[in-house]
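Enquirer: Quick one: the structure is below, and I'll ask about it shortly.
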Amino acid sequence: MAHTLLDIQPDVAAALAEGRPVVALESTIISHGMPWPRNVETALAVEAEVRAHGATPATIAVIDGRLKAGLAREQIERLGRDGQAVAKLSRRDLPVAVAGGGTGATTVAATMIVAALAGIRVFATGGIGGVHRGAETSFDISADLQELARTPVAVVCAGAKSILDLRLTLEYLETHGVPVIGYRTDRLPAFFCRDSDFGVDVRLDEAAAIARVMQAKWSLGLGGGLVVANPVPQAHALPRETVDAAIDQALADAQAQGLAGKAVTPFLLARVNDLTGGDSLAGNIELVRNNARLAAAVAAAYAELAAPMASPW
Ligand code: PSU
Ligand code: MN
């Protein structure tokens, strides 16, 4: 039974009712993670990628105060075209947006919340938020990490950008019992780069093995989410020096402007995009598509496990 504040698109609702695979997709990546018009093209291409791999996409946002699991094309276009002017909604912003009839793009945290309300267990994105560099004085830790600790959704991503302190991000996830699974890798990927110098908890090479870990976690009553870290395809990885230089510059610029709170991440994302130009955008698009493919496979494997036993008669 769907929540009264939530609209589930008919094709998504049908897939869920029939136990077919569904993949949630976020919208902050559209409004705040990529420039227009490539953001809209990418959002639509990612939905197509999920469909081509046998699952139903459900892009998530808040439109006129309604939680949406599945967006119309015009809604995706609006979120992309209005870009940074669109409200960025994380956990704390959802009640205000809903009560006020507002519209906004959902972060990883808010997308997990809406996905869980809709009964969707797998979510594909680019990179998760995490513990920011300098968090020991700024206290800037993304609400995405708290959400991973509490909300039962597997988040397929390319790790996290090294605008963050990846070591502290991993420590936080460990403390909060969030498994970090490397898909066909022993290393935590760092978004544009396939390696971050940090290891993952476990390497799994097949979608079915990931689905079994999800099932085991939730059957044990452990709740909470999982990170499935899928490295950017080799052909689209960027040289680490290029990325590091852009990130250092972006961080210095953010500090010079005295940014704080929810403005920090969108600023850093936009600045890194500007400084690295077309190469990084191409890599960004490819890694999201790659995550959509893996998420579709994980959702299919999980749907098979979660399905009632076939009758022998
Ligand atoms: N990192 C990226 N791309 C993104 C984001 C993070 O490489 O688009 C977005 C996601 O929506 C993520 C949010 O949930 O930024 C985190 O924001 P904050 O750090 O303010 O929690
Ligand atoms: Mn923050």
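By convention in this document, the chains of the structure tokens carry letters A, B, ... by their order, each chain's residues are numbered from 1, and ligands are numbered from 1 in the order they are shown.
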DSSP on the backbone, then: every residue of region 183-229 of chain A marked helix (DSSP H, G or I), written as a PyMOL selection string.

Expert: chain A and resi 207-219

Enquirer: Sorted by chain and rising residue number, which residues of chain A lie within 9 Å of ligand 1, and what are their closest atom pairs and distances in Å to one decimal, counting only C-alpha atoms and all ligand atoms, as JSON lines?

Expert:
{"residue": "A:Glu26", "atom": "CA", "partner": "ligand 1", "partner_atom_place_in_ligand_line": "11 (O)", "distance": 6.7}
{"residue": "A:Ser27", "atom": "CA", "partner": "ligand 1", "partner_atom_place_in_ligand_line": "11 (O)", "distance": 7.0}
{"residue": "A:Thr28", "atom": "CA", "partner": "ligand 1", "partner_atom_place_in_ligand_line": "11 (O)", "distance": 4.4}
{"residue": "A:Ile29", "atom": "CA", "partner": "ligand 1", "partner_atom_place_in_ligand_line": "8 (O)", "distance": 3.6}
{"residue": "A:Ile30", "atom": "CA", "partner": "ligand 1", "partner_atom_place_in_ligand_line": "8 (O)", "distance": 7.2}
{"residue": "A:Ser31", "atom": "CA", "partner": "ligand 1", "partner_atom_place_in_ligand_line": "8 (O)", "distance": 8.2}
{"residue": "A:His32", "atom": "CA", "partner": "ligand 1", "partner_atom_place_in_ligand_line": "8 (O)", "distance": 6.0}
{"residue": "A:Gly33", "atom": "CA", "partner": "ligand 1", "partner_atom_place_in_ligand_line": "8 (O)", "distance": 3.8}
{"residue": "A:Met34", "atom": "CA", "partner": "ligand 1", "partner_atom_place_in_ligand_line": "8 (O)", "distance": 7.3}
{"residue": "A:Lys88", "atom": "CA", "partner": "ligand 1", "partner_atom_place_in_ligand_line": "11 (O)", "distance": 8.1}
{"residue": "A:Leu89", "atom": "CA", "partner": "ligand 1", "partner_atom_place_in_ligand_line": "11 (O)", "distance": 8.7}
{"residue": "A:Ser90", "atom": "CA", "partner": "ligand 1", "partner_atom_place_in_ligand_line": "21 (O)", "distance": 7.0}
{"residue": "A:Ala105", "atom": "CA", "partner": "ligand 1", "partner_atom_place_in_ligand_line": "11 (O)", "distance": 8.2}
{"residue": "A:Thr106", "atom": "CA", "partner": "ligand 1", "partner_atom_place_in_ligand_line": "11 (O)", "distance": 6.5}
{"residue": "A:Thr107", "atom": "CA", "partner": "ligand 1", "partner_atom_place_in_ligand_line": "11 (O)", "distance": 3.5}
{"residue": "A:Val108", "atom": "CA", "partner": "ligand 1", "partner_atom_place_in_ligand_line": "14 (O)", "distance": 3.6}
{"residue": "A:Ala109", "atom": "CA", "partner": "ligand 1", "partner_atom_place_in_ligand_line": "14 (O)", "distance": 5.8}
{"residue": "A:Ala110", "atom": "CA", "partner": "ligand 1", "partner_atom_place_in_ligand_line": "14 (O)", "distance": 7.8}
{"residue": "A:Thr111", "atom": "CA", "partner": "ligand 1", "partner_atom_place_in_ligand_line": "14 (O)", "distance": 8.2}
{"residue": "A:Thr125", "atom": "CA", "partner": "ligand 1", "partner_atom_place_in_ligand_line": "8 (O)", "distance": 7.9}
{"residue": "A:Gly126", "atom": "CA", "partner": "ligand 1", "partner_atom_place_in_ligand_line": "3 (N)", "distance": 5.8}
{"residue": "A:Gly127", "atom": "CA", "partner": "ligand 1", "partner_atom_place_in_ligand_line": "7 (O)", "distance": 4.2}
{"residue": "A:Ile128", "atom": "CA", "partner": "ligand 1", "partner_atom_place_in_ligand_line": "12 (C)", "distance": 5.2}
{"residue": "A:Gly129", "atom": "CA", "partner": "ligand 1", "partner_atom_place_in_ligand_line": "16 (C)", "distance": 4.2}
{"residue": "A:Gly130", "atom": "CA", "partner": "ligand 1", "partner_atom_place_in_ligand_line": "19 (O)", "distance": 6.4}
{"residue": "A:Val131", "atom": "CA", "partner": "ligand 1", "partner_atom_place_in_ligand_line": "19 (O)", "distance": 8.1}
{"residue": "A:His132", "atom": "CA", "partner": "ligand 1", "partner_atom_place_in_ligand_line": "19 (O)", "distance": 7.8}
{"residue": "A:Asp140", "atom": "CA", "partner": "ligand 1", "partner_atom_place_in_ligand_line": "19 (O)", "distance": 7.8}
{"residue": "A:Ile141", "atom": "CA", "partner": "ligand 1", "partner_atom_place_in_ligand_line": "19 (O)", "distance": 6.9}
{"residue": "A:Ser142", "atom": "CA", "partner": "ligand 1", "partner_atom_place_in_ligand_line": "21 (O)", "distance": 3.7}
{"residue": "A:Ala143", "atom": "CA", "partner": "ligand 1", "partner_atom_place_in_ligand_line": "21 (O)", "distance": 5.1}
{"residue": "A:Asp144", "atom": "CA", "partner": "ligand 1", "partner_atom_place_in_ligand_line": "14 (O)", "distance": 5.8}
{"residue": "A:Leu145", "atom": "CA", "partner": "ligand 1", "partner_atom_place_in_ligand_line": "21 (O)", "distance": 8.4}
{"residue": "A:Ala158", "atom": "CA", "partner": "ligand 1", "partner_atom_place_in_ligand_line": "7 (O)", "distance": 8.7}
{"residue": "A:Gly159", "atom": "CA", "partner": "ligand 1", "partner_atom_place_in_ligand_line": "7 (O)", "distance": 8.7}
{"residue": "A:Ala160", "atom": "CA", "partner": "ligand 1", "partner_atom_place_in_ligand_line": "7 (O)", "distance": 6.2}
{"residue": "A:Lys161", "atom": "CA", "partner": "ligand 1", "partner_atom_place_in_ligand_line": "7 (O)", "distance": 5.4}
{"residue": "A:Ser162", "atom": "CA", "partner": "ligand 1", "partner_atom_place_in_ligand_line": "7 (O)", "distance": 9.0}
{"residue": "A:Ile163", "atom": "CA", "partner": "ligand 1", "partner_atom_place_in_ligand_line": "1 (N)", "distance": 8.6}
{"residue": "A:Leu164", "atom": "CA", "partner": "ligand 1", "partner_atom_place_in_ligand_line": "19 (O)", "distance": 8.8}
{"residue": "A:Phe191", "atom": "CA", "partner": "ligand 1", "partner_atom_place_in_ligand_line": "7 (O)", "distance": 7.0}
{"residue": "A:Gly261", "atom": "CA", "partner": "ligand 1", "partner_atom_place_in_ligand_line": "20 (O)", "distance": 6.7}
{"residue": "A:Lys262", "atom": "CA", "partner": "ligand 1", "partner_atom_place_in_ligand_line": "20 (O)", "distance": 4.3}
{"residue": "A:Ala263", "atom": "CA", "partner": "ligand 1", "partner_atom_place_in_ligand_line": "20 (O)", "distance": 6.7}
{"residue": "A:Val264", "atom": "CA", "partner": "ligand 1", "partner_atom_place_in_ligand_line": "20 (O)", "distance": 6.4}
{"residue": "A:Thr265", "atom": "CA", "partner": "ligand 1", "partner_atom_place_in_ligand_line": "19 (O)", "distance": 4.8}
{"residue": "A:Pro266", "atom": "CA", "partner": "ligand 1", "partner_atom_place_in_ligand_line": "15 (O)", "distance": 6.5}
{"residue": "A:Leu268", "atom": "CA", "partner": "ligand 1", "partner_atom_place_in_ligand_line": "1 (N)", "distance": 8.9}
{"residue": "A:Leu269", "atom": "CA", "partner": "ligand 1", "partner_atom_place_in_ligand_line": "2 (C)", "distance": 6.5}
{"residue": "A:Asn284", "atom": "CA", "partner": "ligand 1", "partner_atom_place_in_ligand_line": "7 (O)", "distance": 8.3}

Enquirer: Could you list, as a ChimeraX atom specification, every residue within 10 Å of Met112 (chain A), counting only C-alpha atoms and ignoring same-chain residues fewer than 6 positions away?

Expert: /A:24-26,60,90-91,106,118,120-123,144,147-148,150-155,225

Enquirer: How would the residues just chosen look if you wrote them out with N, CA, C and O atoms as an mmCIF file, in the first residue's frame?

Expert:
data_model
loop_
_atom_site.group_PDB
_atom_site.id
_atom_site.type_symbol
_atom_site.label_atom_id
_atom_site.label_comp_id
_atom_site.auth_asym_id
_atom_site.auth_seq_id
_atom_site.Cartn_x
_atom_site.Cartn_y
_atom_site.Cartn_z
ATOM 1 N N ALA A 24 15.729 2.787 -8.542
ATOM 2 C CA ALA A 24 15.528 4.208 -8.230
ATOM 3 C C ALA A 24 16.715 5.011 -8.762
ATOM 4 O O ALA A 24 17.858 4.530 -8.794
ATOM 5 N N LEU A 25 16.415 6.250 -9.181
ATOM 6 C CA LEU A 25 17.451 7.176 -9.667
ATOM 7 C C LEU A 25 17.235 8.512 -8.970
ATOM 8 O O LEU A 25 16.086 8.901 -8.725
ATOM 9 N N GLU A 26 18.303 9.233 -8.677
ATOM 10 C CA GLU A 26 18.140 10.495 -7.938
ATOM 11 C C GLU A 26 18.047 11.690 -8.887
ATOM 12 O O GLU A 26 18.348 11.582 -10.081
ATOM 13 N N ILE A 60 13.423 9.915 -8.917
ATOM 14 C CA ILE A 60 12.746 10.407 -7.714
ATOM 15 C C ILE A 60 12.986 11.897 -7.513
ATOM 16 O O ILE A 60 14.089 12.402 -7.762
ATOM 17 N N SER A 90 17.433 17.204 0.990
ATOM 18 C CA SER A 90 17.946 16.043 1.696
ATOM 19 C C SER A 90 16.946 15.701 2.801
ATOM 20 O O SER A 90 15.823 16.216 2.808
ATOM 21 N N ARG A 91 17.301 14.788 3.706
ATOM 22 C CA ARG A 91 16.333 14.339 4.722
ATOM 23 C C ARG A 91 15.626 15.490 5.436
ATOM 24 O O ARG A 91 14.421 15.518 5.557
ATOM 25 N N THR A 106 16.031 15.495 -5.228
ATOM 26 C CA THR A 106 16.385 14.717 -4.038
ATOM 27 C C THR A 106 17.832 14.245 -4.093
ATOM 28 O O THR A 106 18.315 13.761 -5.108
ATOM 29 N N ALA A 118 8.462 3.545 -1.320
ATOM 30 C CA ALA A 118 7.817 2.948 -2.493
ATOM 31 C C ALA A 118 8.048 1.432 -2.562
ATOM 32 O O ALA A 118 7.416 0.752 -3.365
ATOM 33 N N ILE A 120 11.219 0.153 -3.170
ATOM 34 C CA ILE A 120 12.323 -0.057 -4.121
ATOM 35 C C ILE A 120 13.606 -0.265 -3.308
ATOM 36 O O ILE A 120 13.912 0.536 -2.427
ATOM 37 N N ARG A 121 14.341 -1.327 -3.633
ATOM 38 C CA ARG A 121 15.513 -1.696 -2.823
ATOM 39 C C ARG A 121 16.857 -1.391 -3.466
ATOM 40 O O ARG A 121 17.899 -1.586 -2.835
ATOM 41 N N VAL A 122 16.842 -0.981 -4.730
ATOM 42 C CA VAL A 122 18.111 -0.743 -5.441
ATOM 43 C C VAL A 122 18.061 0.642 -6.077
ATOM 44 O O VAL A 122 17.038 1.037 -6.649
ATOM 45 N N PHE A 123 19.166 1.338 -5.998
ATOM 46 C CA PHE A 123 19.241 2.743 -6.422
ATOM 47 C C PHE A 123 20.594 2.951 -7.103
ATOM 48 O O PHE A 123 21.625 2.540 -6.575
ATOM 49 N N ASP A 144 23.770 11.770 3.637
ATOM 50 C CA ASP A 144 23.738 10.491 2.917
ATOM 51 C C ASP A 144 24.262 9.349 3.789
ATOM 52 O O ASP A 144 23.790 8.211 3.701
ATOM 53 N N GLU A 147 21.782 8.194 6.284
ATOM 54 C CA GLU A 147 20.698 7.491 5.599
ATOM 55 C C GLU A 147 21.125 6.068 5.267
ATOM 56 O O GLU A 147 20.342 5.119 5.410
ATOM 57 N N LEU A 148 22.370 5.928 4.824
ATOM 58 C CA LEU A 148 22.878 4.578 4.542
ATOM 59 C C LEU A 148 22.850 3.731 5.811
ATOM 60 O O LEU A 148 22.658 2.516 5.766
ATOM 61 N N ARG A 150 20.587 3.847 8.103
ATOM 62 C CA ARG A 150 19.250 3.518 8.615
ATOM 63 C C ARG A 150 18.237 3.015 7.604
ATOM 64 O O ARG A 150 17.244 2.396 7.997
ATOM 65 N N THR A 151 18.399 3.316 6.310
ATOM 66 C CA THR A 151 17.332 3.051 5.331
ATOM 67 C C THR A 151 17.731 1.910 4.390
ATOM 68 O O THR A 151 18.822 1.945 3.804
ATOM 69 N N PRO A 152 16.853 0.906 4.240
ATOM 70 C CA PRO A 152 17.247 -0.335 3.563
ATOM 71 C C PRO A 152 17.220 -0.259 2.030
ATOM 72 O O PRO A 152 16.310 -0.773 1.387
ATOM 73 N N VAL A 153 18.235 0.358 1.475
ATOM 74 C CA VAL A 153 18.371 0.467 0.016
ATOM 75 C C VAL A 153 19.844 0.249 -0.327
ATOM 76 O O VAL A 153 20.723 0.763 0.372
ATOM 77 N N ALA A 154 20.091 -0.512 -1.394
ATOM 78 C CA ALA A 154 21.470 -0.694 -1.880
ATOM 79 C C ALA A 154 21.768 0.409 -2.890
ATOM 80 O O ALA A 154 21.021 0.593 -3.848
ATOM 81 N N VAL A 155 22.844 1.158 -2.658
ATOM 82 C CA VAL A 155 23.182 2.303 -3.503
ATOM 83 C C VAL A 155 24.380 1.946 -4.377
ATOM 84 O O VAL A 155 25.497 1.755 -3.876
ATOM 85 N N GLY A 225 21.357 0.513 4.737
ATOM 86 C CA GLY A 225 21.705 0.338 3.334
ATOM 87 C C GLY A 225 23.049 -0.316 3.108
ATOM 88 O O GLY A 225 23.714 -0.759 4.048
#

Enquirer: Show me, as number ranges by chain, the residues that have an atom within 9 Å of region 226-236 of chain A when counting only C-alpha atoms, minus same-chain residues fewer than 5 positions from it.

Expert: A: 128, 148-149, 152-160, 177-185, 187-195, 200, 210, 214, 279-280, 282-284, 286-288, 290-291, 294-295

Enquirer: Of the candidates A:Ala299, A:Ala246, A:Arg133, A:Gly277, which shows the shortest atom-to-atom distance to Gln215 (chain A), using only C-alpha atoms?

Expert: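 With only C-alpha atoms as the atom set, the closest residue is A:Ala299.
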
Enquirer: DSSP on the backbone, then: every residue of region 52-253 of chain A marked strand (DSSP E), written as an NGL selection string.

Expert: :A and (56-63 or 66-69 or 87-89 or 104-106 or 122-124 or 154-157 or 180-183 or 202-204 or 226-229)

Enquirer: Would you work out the distance separating CA of Ala15 (chain A) from CA of Ala55 (chain A), expressed in Å to one decimal?

Expert: 8.4 Å

Enquirer: At a cut-off of 10 Å, using only C-alpha atoms, what residues contact Lys68 (chain A)? Leave out same-chain residues fewer than 3 positions from it and give the result as number ranges by chain.

Expert: A: 5-9, 58-65, 71-72, 111, 114-115, 118

Enquirer: Could you tell me how far CA of Ala301 (chain A) sits from CA of Ala211 (chain A), in Å to one decimal place?

Expert: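 Interatomic distance, CA of Ala211 (chain A) to CA of Ala301 (chain A): 5.9 Å.
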
Enquirer: Taking only C-alpha atoms and all ligand atoms into account, which of A:Lys217, A:Ala48, A:Asp274, A:Gly134 comes nearest ligand 2?

Expert: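 Closest candidate: A:Gly134.
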